$ cat upload.cif   # mmCIF, C-alpha atoms
data_final
loop_
_atom_site.label_atom_id
_atom_site.label_comp_id
_atom_site.auth_asym_id
_atom_site.auth_seq_id
_atom_site.Cartn_x
_atom_site.Cartn_y
_atom_site.Cartn_z
CA MET A 1 5.99 21.37 -29.18
CA PRO A 2 6.26 25.17 -29.05
CA HIS A 3 9.20 26.60 -27.08
CA CYS A 4 9.60 30.04 -25.60
CA TYR A 5 12.99 31.23 -24.29
CA PRO A 6 13.86 34.47 -22.52
CA ALA A 7 16.52 36.57 -24.23
CA ASN A 8 19.27 35.98 -21.63
CA VAL A 9 19.39 32.16 -21.88
CA ASN A 10 22.96 30.91 -22.45
CA SER A 11 23.95 27.88 -24.53
CA GLU A 12 24.42 25.51 -21.56
CA THR A 13 20.99 26.33 -20.18
CA PHE A 14 19.50 25.99 -23.66
CA TYR A 15 21.04 22.52 -23.97
CA MET A 16 19.77 21.33 -20.55
CA ASP A 17 16.29 22.66 -21.23
CA LYS A 18 16.20 20.94 -24.60
CA LEU A 19 17.13 17.65 -22.95
CA ILE A 20 14.24 17.75 -20.51
CA PHE A 21 11.83 18.95 -23.20
CA LYS A 22 12.92 16.11 -25.49
CA ALA A 23 12.47 13.52 -22.70
CA VAL A 24 9.01 14.81 -21.83
CA ALA A 25 7.98 14.93 -25.50
CA ARG A 26 8.77 11.22 -25.84
CA LEU A 27 6.51 10.42 -22.86
CA ILE A 28 3.55 12.79 -23.07
CA LYS A 29 1.32 11.94 -26.04
CA LYS A 30 -2.08 12.71 -24.51
CA GLY A 31 -3.29 15.33 -22.07
CA THR A 32 -2.08 18.87 -21.59
CA LEU A 33 1.20 19.69 -19.82
CA ARG A 34 3.18 22.91 -19.76
CA ILE A 35 6.67 23.07 -18.26
CA THR A 36 8.55 26.18 -17.29
CA THR A 37 12.23 25.61 -16.57
CA ALA A 38 14.23 27.25 -13.80
CA LYS A 39 15.57 29.77 -16.36
CA GLY A 40 12.15 30.69 -17.66
CA ALA A 41 11.88 28.63 -20.86
CA THR A 42 8.44 27.13 -21.49
CA ALA A 43 7.12 24.28 -23.61
CA SER A 44 3.78 22.52 -23.97
CA PHE A 45 3.18 18.80 -24.48
CA GLY A 46 0.33 16.42 -25.28
CA ASP A 47 -2.73 16.57 -27.48
CA GLY A 48 -4.40 19.47 -25.70
CA GLU A 49 -7.13 17.32 -24.17
CA GLY A 50 -7.98 16.69 -20.53
CA ILE A 51 -7.26 18.72 -17.40
CA PRO A 52 -4.41 21.18 -18.06
CA VAL A 53 -1.40 20.89 -15.78
CA ALA A 54 1.47 23.38 -15.58
CA ILE A 55 4.65 23.00 -13.54
CA ARG A 56 7.57 25.32 -12.88
CA PHE A 57 11.04 24.29 -11.75
CA GLN A 58 12.47 26.60 -9.12
CA SER A 59 15.97 25.11 -9.26
CA SER A 60 18.23 24.08 -12.15
CA LEU A 61 19.71 21.37 -9.94
CA ALA A 62 16.28 19.85 -9.25
CA GLN A 63 15.52 20.01 -12.96
CA ARG A 64 18.67 18.04 -13.81
CA ARG A 65 17.94 15.51 -11.08
CA VAL A 66 14.41 14.89 -12.30
CA LEU A 67 15.72 14.41 -15.82
CA ALA A 68 18.30 11.86 -14.61
CA ASP A 69 16.04 9.89 -12.22
CA PRO A 70 12.36 10.90 -12.37
CA GLU A 71 11.11 7.99 -10.23
CA LEU A 72 13.05 9.26 -7.23
CA ARG A 73 13.57 12.94 -7.93
CA LEU A 74 10.13 14.08 -9.10
CA GLY A 75 8.66 13.41 -5.66
CA GLU A 76 11.65 15.03 -3.97
CA ALA A 77 11.33 18.16 -6.12
CA PHE A 78 7.64 18.50 -5.23
CA VAL A 79 8.12 17.86 -1.52
CA ASP A 80 11.10 20.24 -1.26
CA GLY A 81 9.33 22.99 -3.18
CA ASP A 82 11.79 22.86 -6.10
CA MET A 83 8.92 22.07 -8.48
CA VAL A 84 5.63 23.90 -8.06
CA LEU A 85 2.24 23.38 -9.66
CA GLU A 86 1.09 26.55 -11.41
CA THR A 87 -2.03 24.83 -12.78
CA GLY A 88 -3.58 21.65 -11.44
CA THR A 89 -2.65 19.44 -8.49
CA ILE A 90 0.07 16.87 -7.90
CA ALA A 91 -2.54 14.13 -8.29
CA GLU A 92 -3.53 15.52 -11.69
CA LEU A 93 0.13 15.72 -12.74
CA LEU A 94 0.74 12.12 -11.66
CA GLU A 95 -2.40 10.92 -13.42
CA LEU A 96 -1.20 12.57 -16.60
CA LEU A 97 2.25 10.97 -16.28
CA LEU A 98 1.22 7.47 -15.17
CA SER A 99 -1.59 7.09 -17.71
CA GLN A 100 0.79 7.44 -20.67
CA ASP A 101 2.04 4.55 -22.79
CA THR A 102 5.52 3.90 -21.36
CA THR A 103 6.79 1.51 -24.02
CA GLY A 104 10.14 2.45 -25.49
CA ARG A 105 11.64 3.97 -22.35
CA PRO A 106 15.09 5.52 -22.88
CA LEU A 107 18.15 3.35 -22.37
CA SER A 108 19.26 5.28 -19.27
CA SER A 109 15.93 4.61 -17.57
CA ARG A 110 16.05 0.91 -18.41
CA MET A 111 19.62 0.65 -17.10
CA LEU A 112 18.69 2.34 -13.82
CA ALA A 113 15.72 0.00 -13.42
CA GLY A 114 17.95 -3.00 -14.07
CA LEU A 115 20.43 -1.84 -11.44
CA ARG A 116 17.68 -1.36 -8.87
CA PHE A 117 16.34 -4.82 -9.60
CA LEU A 118 19.78 -6.35 -9.07
CA LEU A 119 20.24 -4.50 -5.77
CA ARG A 120 16.76 -5.05 -4.37
CA GLY A 121 17.83 -7.96 -2.17
CA PHE A 122 20.19 -5.74 -0.18
CA SER A 123 17.45 -3.26 0.69
CA GLN A 124 15.13 -6.05 1.81
CA GLN A 125 17.37 -7.85 4.29
CA ASN A 126 14.62 -7.57 6.87
CA VAL A 127 16.18 -9.25 9.90
CA ARG A 128 14.44 -8.70 13.22
CA ARG A 129 16.09 -5.43 14.26
CA ARG A 130 15.85 -3.91 10.81
CA SER A 131 12.21 -4.99 10.43
CA LYS A 132 11.29 -3.21 13.65
CA ARG A 133 13.15 -0.06 12.58
CA ASN A 134 11.40 -0.10 9.21
CA VAL A 135 8.00 -0.47 10.84
CA ALA A 136 8.70 2.36 13.30
CA HIS A 137 9.60 4.70 10.39
CA HIS A 138 6.01 4.61 9.13
CA TYR A 139 3.65 3.13 11.70
CA ASP A 140 4.99 4.77 14.86
CA LEU A 141 3.94 8.22 13.71
CA THR A 142 1.21 9.66 15.89
CA GLY A 143 -2.19 8.06 15.58
CA GLN A 144 -3.66 11.55 15.08
CA LEU A 145 -2.18 11.50 11.58
CA TYR A 146 -4.00 8.31 10.63
CA ASP A 147 -7.25 9.57 12.10
CA LEU A 148 -7.13 12.34 9.50
CA PHE A 149 -7.82 9.97 6.61
CA LEU A 150 -8.58 6.41 7.72
CA ASP A 151 -12.03 5.02 8.55
CA ALA A 152 -13.32 4.92 12.12
CA ASP A 153 -11.75 1.47 12.68
CA ARG A 154 -8.29 2.54 11.40
CA GLN A 155 -8.17 -0.06 8.64
CA TYR A 156 -4.91 0.77 6.82
CA SER A 157 -5.22 -1.65 3.91
CA CYS A 158 -7.27 -2.14 0.76
CA ALA A 159 -11.02 -1.88 1.32
CA TYR A 160 -13.56 -4.06 -0.48
CA PHE A 161 -16.07 -2.01 -2.47
CA GLU A 162 -19.16 -4.15 -2.95
CA THR A 163 -20.90 -1.21 -4.67
CA GLU A 164 -19.66 1.93 -6.39
CA THR A 165 -21.51 4.08 -3.86
CA ALA A 166 -20.09 2.42 -0.74
CA THR A 167 -18.51 4.74 1.79
CA LEU A 168 -14.99 4.10 3.05
CA ASP A 169 -16.32 2.78 6.37
CA GLU A 170 -18.76 0.46 4.59
CA ALA A 171 -16.03 -0.85 2.27
CA GLN A 172 -13.62 -1.50 5.14
CA GLN A 173 -16.34 -3.36 7.05
CA ALA A 174 -16.98 -5.40 3.89
CA LYS A 175 -13.24 -6.22 3.72
CA LYS A 176 -13.27 -7.64 7.26
CA ARG A 177 -16.43 -9.60 6.46
CA HIS A 178 -14.96 -10.95 3.21
CA ILE A 179 -11.77 -12.14 4.91
CA ALA A 180 -13.69 -13.67 7.82
CA ALA A 181 -15.83 -15.63 5.35
CA LYS A 182 -12.74 -17.04 3.64
CA LEU A 183 -11.19 -17.94 7.00
CA LEU A 184 -14.20 -20.13 7.89
CA VAL A 185 -13.83 -19.06 11.49
CA ASP A 186 -15.68 -21.21 14.03
CA ARG A 187 -16.81 -20.12 17.45
CA GLY A 188 -13.87 -20.36 19.82
CA SER A 189 -11.26 -20.69 17.05
CA ARG A 190 -7.67 -19.84 17.94
CA VAL A 191 -6.67 -17.13 15.44
CA LEU A 192 -3.27 -15.55 14.78
CA ASP A 193 -3.32 -12.11 13.14
CA ILE A 194 0.18 -11.45 11.74
CA GLY A 195 0.66 -7.70 11.46
CA CYS A 196 -2.53 -6.82 13.32
CA GLY A 197 -2.21 -3.05 12.87
CA TRP A 198 -4.47 -1.16 15.26
CA GLY A 199 -6.43 -4.33 16.03
CA GLY A 200 -9.63 -3.79 14.04
CA LEU A 201 -9.81 -7.16 12.31
CA ALA A 202 -8.82 -9.02 15.49
CA ALA A 203 -11.57 -7.25 17.44
CA TYR A 204 -14.10 -8.06 14.67
CA LEU A 205 -13.26 -11.76 14.79
CA ALA A 206 -13.34 -11.87 18.59
CA ASP A 207 -16.63 -9.99 18.79
CA THR A 208 -18.42 -11.72 15.90
CA PHE A 209 -17.28 -15.31 16.40
CA GLY A 210 -16.07 -15.45 19.98
CA SER A 211 -12.64 -16.32 18.60
CA HIS A 212 -9.48 -16.15 20.70
CA VAL A 213 -7.27 -13.83 18.64
CA THR A 214 -3.57 -13.20 19.10
CA GLY A 215 -2.50 -10.10 17.21
CA ILE A 216 1.19 -9.36 16.66
CA THR A 217 2.82 -6.14 15.47
CA LEU A 218 6.23 -4.48 15.53
CA SER A 219 4.75 -1.00 16.03
CA THR A 220 4.62 0.27 19.60
CA GLU A 221 2.07 2.93 18.61
CA GLN A 222 -0.23 0.33 17.03
CA LEU A 223 0.17 -1.99 20.00
CA GLU A 224 -0.86 0.65 22.52
CA TYR A 225 -3.91 1.57 20.47
CA ALA A 226 -4.88 -2.07 19.92
CA LYS A 227 -4.79 -2.70 23.65
CA THR A 228 -7.47 -0.04 24.13
CA ARG A 229 -9.83 -2.42 22.31
CA MET A 230 -9.46 -4.98 25.09
CA THR A 231 -12.59 -3.89 26.89
CA GLY A 232 -16.09 -5.26 27.05
CA ALA A 233 -17.20 -8.80 26.33
CA GLU A 234 -14.35 -9.64 23.93
CA ALA A 235 -11.55 -8.37 26.18
CA ASP A 236 -10.56 -11.84 27.43
CA ARG A 237 -10.46 -13.15 23.84
CA LEU A 238 -7.89 -10.61 22.57
CA ASP A 239 -4.14 -10.75 23.08
CA PHE A 240 -1.94 -8.15 21.38
CA GLN A 241 1.83 -8.54 21.48
CA LEU A 242 4.92 -6.68 20.23
CA LEU A 243 6.40 -9.67 18.45
CA ASP A 244 8.16 -10.67 15.22
CA TYR A 245 6.36 -13.39 13.27
CA ARG A 246 9.52 -15.51 13.45
CA ASP A 247 9.21 -15.67 17.25
CA VAL A 248 5.58 -16.79 17.55
CA LYS A 249 5.00 -20.07 19.41
CA GLY A 250 2.05 -22.45 19.45
CA ARG A 251 -0.56 -23.71 17.00
CA PHE A 252 -3.57 -21.92 15.58
CA ASP A 253 -6.80 -22.97 13.87
CA ARG A 254 -6.71 -19.90 11.67
CA ILE A 255 -4.02 -17.47 10.53
CA VAL A 256 -4.68 -14.15 8.82
CA SER A 257 -2.26 -11.53 7.58
CA VAL A 258 -3.47 -8.27 6.04
CA GLY A 259 -1.05 -5.71 4.60
CA MET A 260 2.01 -7.13 6.36
CA PHE A 261 3.52 -9.42 3.72
CA GLU A 262 4.78 -6.39 1.79
CA HIS A 263 7.28 -5.87 4.65
CA VAL A 264 8.64 -9.42 4.77
CA GLY A 265 11.29 -8.92 2.08
CA VAL A 266 11.76 -10.99 -1.05
CA GLY A 267 14.60 -12.98 0.51
CA HIS A 268 12.47 -14.06 3.47
CA TYR A 269 9.42 -15.60 1.77
CA ASP A 270 10.55 -19.15 2.48
CA ASP A 271 11.05 -18.28 6.16
CA PHE A 272 7.59 -16.72 6.34
CA PHE A 273 5.67 -19.61 4.84
CA ARG A 274 7.65 -22.28 6.67
CA LYS A 275 6.78 -20.49 9.91
CA CYS A 276 3.11 -20.35 8.91
CA HIS A 277 3.22 -24.08 8.17
CA GLU A 278 4.63 -24.67 11.65
CA LEU A 279 1.96 -22.52 13.32
CA LEU A 280 -1.10 -23.69 11.36
CA ASP A 281 -3.14 -26.60 12.68
CA ASP A 282 -3.48 -29.61 10.38
CA ASP A 283 -7.05 -28.73 9.40
CA GLY A 284 -6.47 -24.98 9.66
CA VAL A 285 -7.01 -22.15 7.16
CA PHE A 286 -4.68 -19.22 6.41
CA VAL A 287 -5.73 -16.12 4.44
CA LEU A 288 -2.98 -13.84 3.11
CA HIS A 289 -4.04 -10.38 1.92
CA SER A 290 -1.24 -8.42 0.24
CA ILE A 291 -0.50 -5.82 -2.38
CA GLY A 292 0.91 -7.44 -5.51
CA ARG A 293 2.05 -6.67 -9.02
CA SER A 294 0.32 -8.16 -12.04
CA ASP A 295 3.45 -8.10 -14.20
CA ALA A 296 6.91 -9.60 -13.74
CA PRO A 297 8.98 -9.27 -10.53
CA GLY A 298 10.41 -5.81 -10.10
CA PHE A 299 11.73 -3.44 -7.46
CA THR A 300 10.25 -0.96 -5.00
CA ASN A 301 9.71 2.54 -6.30
CA PRO A 302 12.82 4.36 -5.00
CA TRP A 303 10.90 7.36 -3.62
CA ILE A 304 8.50 5.07 -1.69
CA ALA A 305 11.44 3.00 -0.41
CA LYS A 306 13.34 6.08 0.78
CA TYR A 307 10.57 8.11 2.37
CA ILE A 308 7.56 5.88 3.10
CA PHE A 309 8.22 2.13 3.37
CA PRO A 310 11.94 1.30 3.79
CA GLY A 311 12.52 -2.40 3.27
CA GLY A 312 9.13 -2.86 1.60
CA TYR A 313 8.46 -4.71 -1.64
CA ILE A 314 5.35 -5.50 -3.68
CA PRO A 315 5.65 -9.07 -4.98
CA ALA A 316 4.47 -10.76 -8.15
CA LEU A 317 2.48 -13.95 -7.67
CA SER A 318 5.27 -15.77 -9.47
CA GLU A 319 7.50 -14.94 -6.48
CA VAL A 320 4.95 -15.88 -3.81
CA LEU A 321 3.47 -19.15 -5.05
CA PRO A 322 6.78 -21.09 -5.33
CA ALA A 323 7.57 -20.21 -1.70
CA ILE A 324 4.15 -21.50 -0.62
CA GLU A 325 4.75 -24.72 -2.55
CA ARG A 326 8.19 -25.23 -1.00
CA SER A 327 6.72 -24.81 2.50
CA GLY A 328 4.34 -27.76 2.02
CA LEU A 329 1.24 -25.57 2.22
CA VAL A 330 -1.61 -25.87 -0.30
CA VAL A 331 -3.22 -22.97 -2.17
CA THR A 332 -7.00 -23.42 -2.22
CA ASP A 333 -8.16 -20.06 -3.57
CA ILE A 334 -6.75 -16.87 -5.11
CA GLU A 335 -8.73 -13.69 -5.65
CA ILE A 336 -7.40 -10.57 -7.36
CA LEU A 337 -8.81 -7.21 -6.22
CA ARG A 338 -8.03 -4.94 -9.15
CA LEU A 339 -9.19 -1.36 -8.62
CA HIS A 340 -10.33 -1.64 -5.02
CA TYR A 341 -7.10 -0.13 -3.69
CA ALA A 342 -7.25 2.74 -6.17
CA GLU A 343 -10.68 3.60 -4.79
CA THR A 344 -9.47 3.16 -1.20
CA LEU A 345 -6.55 5.51 -1.79
CA LYS A 346 -8.80 8.03 -3.51
CA HIS A 347 -10.89 8.19 -0.33
CA TRP A 348 -7.76 8.49 1.81
CA ARG A 349 -6.27 11.25 -0.38
CA GLN A 350 -9.48 13.27 -0.42
CA ARG A 351 -9.95 12.93 3.33
CA PHE A 352 -6.32 13.88 3.96
CA LEU A 353 -6.56 16.97 1.77
CA SER A 354 -9.79 18.04 3.46
CA ARG A 355 -7.87 18.04 6.77
CA ARG A 356 -4.49 19.10 5.41
CA THR A 357 -4.24 22.06 7.79
CA ALA A 358 -4.37 19.65 10.71
CA ALA A 359 -1.52 17.63 9.20
CA VAL A 360 0.59 20.79 8.91
CA GLU A 361 -0.16 21.59 12.55
CA LEU A 362 0.86 18.05 13.59
CA PHE A 363 4.10 18.15 11.57
CA ASP A 364 4.90 20.86 9.01
CA GLU A 365 4.22 21.92 5.43
CA ARG A 366 6.90 19.69 3.96
CA PHE A 367 5.43 16.64 5.70
CA ALA A 368 1.98 17.48 4.34
CA ARG A 369 3.39 17.67 0.80
CA LEU A 370 5.21 14.37 1.33
CA TRP A 371 2.02 12.57 2.35
CA GLU A 372 -0.01 14.23 -0.37
CA PHE A 373 2.49 12.90 -2.91
CA TYR A 374 2.53 9.44 -1.29
CA LEU A 375 -1.26 9.05 -1.32
CA SER A 376 -1.53 10.49 -4.84
CA VAL A 377 1.21 8.43 -6.49
CA SER A 378 -0.06 5.26 -4.79
CA GLU A 379 -3.63 5.84 -5.98
CA LEU A 380 -2.57 6.47 -9.56
CA ALA A 381 -0.19 3.49 -9.59
CA PHE A 382 -3.09 1.20 -8.69
CA ARG A 383 -5.31 2.86 -11.26
CA TYR A 384 -2.90 2.89 -14.24
CA GLN A 385 0.08 0.67 -13.47
CA ALA A 386 0.46 -3.08 -12.81
CA MET A 387 -0.57 -2.92 -9.15
CA MET A 388 -3.32 -4.98 -7.52
CA VAL A 389 -4.17 -6.79 -4.28
CA PHE A 390 -4.34 -10.55 -3.93
CA GLN A 391 -6.00 -12.71 -1.32
CA ILE A 392 -4.64 -16.24 -1.14
CA GLN A 393 -6.42 -18.90 0.90
CA ILE A 394 -3.94 -21.51 2.12
CA THR A 395 -4.34 -24.82 3.96
CA LYS A 396 -2.43 -28.00 4.72
CA ARG A 397 -5.11 -30.30 3.30
CA GLN A 398 -7.12 -30.20 0.09
CA ASP A 399 -10.38 -30.93 1.92
CA ALA A 400 -10.00 -28.25 4.60
CA VAL A 401 -12.39 -25.91 2.75
CA PRO A 402 -15.60 -26.49 0.72
CA LEU A 403 -15.33 -27.59 -2.89
CA THR A 404 -16.97 -24.49 -4.40
CA ARG A 405 -16.74 -20.77 -3.59
CA GLY A 406 -20.45 -20.35 -2.84
CA TYR A 407 -19.74 -20.64 0.87
CA ILE A 408 -18.02 -17.23 0.82
CA GLU A 409 -21.14 -15.37 -0.30
CA ASN A 410 -23.35 -17.43 2.01
CA LYS A 411 -21.11 -16.67 4.96
CA GLU A 412 -21.05 -12.95 4.12
CA THR A 413 -24.85 -12.89 4.00
CA ARG A 414 -25.04 -14.43 7.48
CA LEU A 415 -22.42 -11.99 8.78
CA ARG A 416 -24.39 -9.02 7.49
CA ARG A 417 -27.37 -10.21 9.51
CA VAL A 418 -25.21 -10.63 12.60
CA GLU A 419 -23.74 -7.15 12.18
CA ALA A 420 -27.19 -5.61 11.69
CA ALA A 421 -28.47 -7.34 14.83
CA LYS A 422 -25.49 -6.09 16.85
CA ARG A 423 -26.17 -2.52 15.76
CA GLN A 424 -29.68 -2.83 17.19
CA TRP A 425 -28.61 -4.31 20.54
CA PRO A 426 -28.61 -1.92 23.49
CA ARG A 427 -25.11 -0.97 24.62
#
$ encode --input "upload.cif" --output "structure tokens"
Amino acid sequence: MPHCYPANVNSETFYMDKLIFKAVARLIKKGTLRITTAKGATASFGDGEGIPVAIRFQSSLAQRRVLADPELRLGEAFVDGDMVLETGTIAELLELLLSQDTTGRPLSSRMLAGLRFLLRGFSQQNVRRRSKRNVAHHYDLTGQLYDLFLDADRQYSCAYFETETATLDEAQQAKKRHIAAKLLVDRGSRVLDIGCGWGGLAAYLADTFGSHVTGITLSTEQLEYAKTRMTGAEADRLDFQLLDYRDVKGRFDRIVSVGMFEHVGVGHYDDFFRKCHELLDDDGVFVLHSIGRSDAPGFTNPWIAKYIFPGGYIPALSEVLPAIERSGLVVTDIEILRLHYAETLKHWRQRFLSRRTAAVELFDERFARLWEFYLSVSELAFRYQAMMVFQIQITKRQDAVPLTRGYIENKETRLRRVEAAKRQWPR
């Protein structure tokens, strides 16, 4: 680990630089990373392989903060311009960092993680008012932002890549098809879409099956956009409402929730599944699609919690399944989508960067850096860390769905034919 110090470095600066160099040396065993401190000292790390990345700290304060709490402060330093990339991109830096073997973390890091785990319940007290405020923080940004990087249908959740060459639009269409197949939707079914987003899945179910779909969201921006879908033949089969899941009334043949469960809060899982039990018909089917973690229960990344998804949490299956059991519901199928979200986020990041100038015009340079970091760190977490997506099929009765999973593929095949026929119909 070669060091280079300018002649005017004092002892205190030397000591602080040595601390950060020592911490980085423990972490970086592969790849190529060069760090230049705020006072001009440089050091190189790794085995010299891979894409070279070089960073420079612009502020001694930012340097100390990153050393003390890298999970929170690294993103802040990049967004605020206190850490700049001299070689490489932020995505390449994060790939280098997140792909390392992180066993043997320092005691201070383990203690901070333990504290965040203990305090996670306080940050996830998602009562009605707080839930709406949390949703507004992220989803009530202008729809022009999301049009910069999402597919044409504004699907803001993990796509389903049936082939490696699938486009983002094809993979998002496949996701809707895959979920619809698991739902076993019948013509005229009453469907509840909890966290309907901009209404794409609801419109697909209404158009494809003639289902009557009630979509609920806490985002006023999403609601207004979803209502624009209520035209044409399926208009009388769609009902979008600004409503908390806890306040829904009635019974439904099918319930679906895609990308909303991450906002429920770990202390509210029993409430969520008890409500779903109340709303689901006795022979109904519920499909839950959510980000999850494949290791033990943890806590939300502090940078993501502060700047992107306040009140959000990615659960382990060991936290979800007991709540389903206590509600009286029955799990009939679980599927783990491993790298699908990494690929989805890669598409989103690349599309965002190709239109980055438009993002700066909509907001400002700092906002563009913030979203570049968000999309990059999320992609690399799904690629190298214990992040995945699960789809859980849930019923009230063991015999509510077929005995084997072959029906899913058969249903998808029929849906592809229906979709192809619709594309050929005159408009």
$ atom_distance --input "upload.cif" --atom1 "atom CA of Val53 of chain A" --atom2 "atom CA of Gly88 of chain A"
4.9 Å
$ closest_residue --input "upload.cif" --among "A:Ala77, A:Val258, A:Ala54, A:Ile35" --to "Gln155 of chain A" --atoms "all atoms listed in the file"
A:Val258
$ residues_around --input "upload.cif" --residues "Lys176 of chain A" --least-positions-apart "6" --cutoff "12 Å" --atoms "all atoms listed in the file" --output "PyMOL selection string"
chain A and resi 153+155-161+169-170+182-183+199-205+208+256-258+287+289+412+415-416+419
$ resolve_selection --input "upload.cif" --expression "the PyMOL selection byres ((chain A and resi 227-234) around 9)" --output "list in words"
Trp198, Gly199, Gly200, Ala203, Ala206, Asp207, Gly210, Ser211, His212, Gln222, Leu223, Glu224, Tyr225, Ala226, Ala235, Asp236, Arg237, Leu238, Asp239 and Phe240 of chain A
$ residues_around --input "upload.cif" --residues "Ser59 of chain A" --least-positions-apart "6" --cutoff "8 Å" --atoms "only C-alpha atoms" --output "PyMOL selection string"
chain A and resi 38+82-83
$ closest_residue --input "upload.cif" --among "A:Leu280, A:Leu85, A:Val264, A:Ile90" --to "Val330 of chain A" --atoms "all atoms listed in the file"
A:Leu280
$ atom_distance --input "upload.cif" --atom1 "atom CA of Glu325 of chain A" --atom2 "atom CA of Ala181 of chain A"
23.8 Å
$ residues_near_point --input "upload.cif" --point "(-1.8, 3.6, -15.7)" --cutoff "12 Å" --atoms "only C-alpha atoms" --output "MDAnalysis selection string"
chainID A and resid 94:102 339 342 377:388
